[in-house]
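The structure appears below as structure tokens.
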Amino acid sequence: PQLNKINTYTLLKYNKMNFDTINSTYIEIAKQLKKNRNDSGVTIDLVAEWLKVDRRKIIDLENFNRFDLKLMCEYADIYGIEIKLNFIVT
């Protein structure tokens, strides 16, 4: 696939971050992944094949029906998108 410039997302920034903020960041990343896939002309089936998952998992991730951080990170690797997890457990 055609690689876009490397984007970096920080999914968790502060220890007081609430679920709504985490969820909105997750959605932003999922939207970017879907855009990159569409822009590069890659099908859902091909992404699913590359990641060795059922195509339904990719569909669910892109439509925000699945919160699967491992899958999202693997998908992001295809397009050179770096996802950093910064969090403090107190």
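Identifiers in the structure tokens: chain A, B, ... in order shown; residue index from 1 per chain; ligand index from 1 in order shown.
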
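Residue neighbourhood of A:Ala30, excluding near-sequence residues (fewer than 5 positions): Leu61, Glu62, Asn63, Phe64 and Met72 of chain A, at 8 Å, using only C-alpha atoms.
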
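Nearest residue to A:Asp60 among A:Asn23, A:Asn38, A:Ile44, A:Lys84 is A:Ile44, counting only C-alpha atoms.
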
Which residues are near A:Leu46? Cut-off 10 Å, only C-alpha atoms, ignore same chain within fewer than 6 positions. Put them as a list in words.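 Non-adjacent residues within range: Arg37, Lys52 and Arg55 of chain A.
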
Output the selection as a PDB file, in the first residue's frame - all heavy atoms for each residue.
```pdb
ATOM      1  N   ARG A  37      -6.593   3.221   4.131  1.00  0.00           N
ATOM      2  CA  ARG A  37      -6.927   2.022   3.359  1.00  0.00           C
ATOM      3  C   ARG A  37      -7.638   2.404   2.074  1.00  0.00           C
ATOM      4  O   ARG A  37      -7.274   1.937   0.985  1.00  0.00           O
ATOM      5  CB  ARG A  37      -7.801   1.064   4.187  1.00  0.00           C
ATOM      6  CG  ARG A  37      -8.134  -0.217   3.437  1.00  0.00           C
ATOM      7  CD  ARG A  37      -9.028  -1.144   4.224  1.00  0.00           C
ATOM      8  NE  ARG A  37     -10.303  -0.555   4.599  1.00  0.00           N
ATOM      9  CZ  ARG A  37     -11.321  -0.341   3.744  1.00  0.00           C
ATOM     10  NH1 ARG A  37     -11.201  -0.651   2.460  1.00  0.00           N
ATOM     11  NH2 ARG A  37     -12.452   0.175   4.173  1.00  0.00           N
ATOM     12  N   LYS A  52      -4.283 -11.667   9.248  1.00  0.00           N
ATOM     13  CA  LYS A  52      -4.726 -13.024   9.603  1.00  0.00           C
ATOM     14  C   LYS A  52      -5.910 -13.005  10.582  1.00  0.00           C
ATOM     15  O   LYS A  52      -5.905 -13.699  11.603  1.00  0.00           O
ATOM     16  CB  LYS A  52      -3.563 -13.833  10.168  1.00  0.00           C
ATOM     17  CG  LYS A  52      -2.450 -14.052   9.158  1.00  0.00           C
ATOM     18  CD  LYS A  52      -1.274 -14.764   9.765  1.00  0.00           C
ATOM     19  CE  LYS A  52      -0.150 -15.051   8.817  1.00  0.00           C
ATOM     20  NZ  LYS A  52       0.270 -14.101   7.869  1.00  0.00           N
ATOM     21  N   ARG A  55     -12.502 -10.789   8.185  1.00  0.00           N
ATOM     22  CA  ARG A  55     -12.797  -9.451   7.664  1.00  0.00           C
ATOM     23  C   ARG A  55     -13.762  -8.682   8.545  1.00  0.00           C
ATOM     24  O   ARG A  55     -13.734  -7.468   8.614  1.00  0.00           O
ATOM     25  CB  ARG A  55     -13.323  -9.538   6.232  1.00  0.00           C
ATOM     26  CG  ARG A  55     -14.690 -10.192   6.103  1.00  0.00           C
ATOM     27  CD  ARG A  55     -15.125 -10.420   4.651  1.00  0.00           C
ATOM     28  NE  ARG A  55     -15.144  -9.244   3.833  1.00  0.00           N
ATOM     29  CZ  ARG A  55     -16.151  -8.368   3.787  1.00  0.00           C
ATOM     30  NH1 ARG A  55     -17.229  -8.553   4.517  1.00  0.00           N
ATOM     31  NH2 ARG A  55     -16.092  -7.308   2.998  1.00  0.00           N
TER      32      ARG A  55
END
```

Which residue out of A:Leu71, A:Ile81, A:Val47, A:Ile59 has the minimum interatomic distance to A:Gln32 when only C-alpha atoms are used?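 Checking each candidate against A:Gln32, we get A:Ile81 as the closest.
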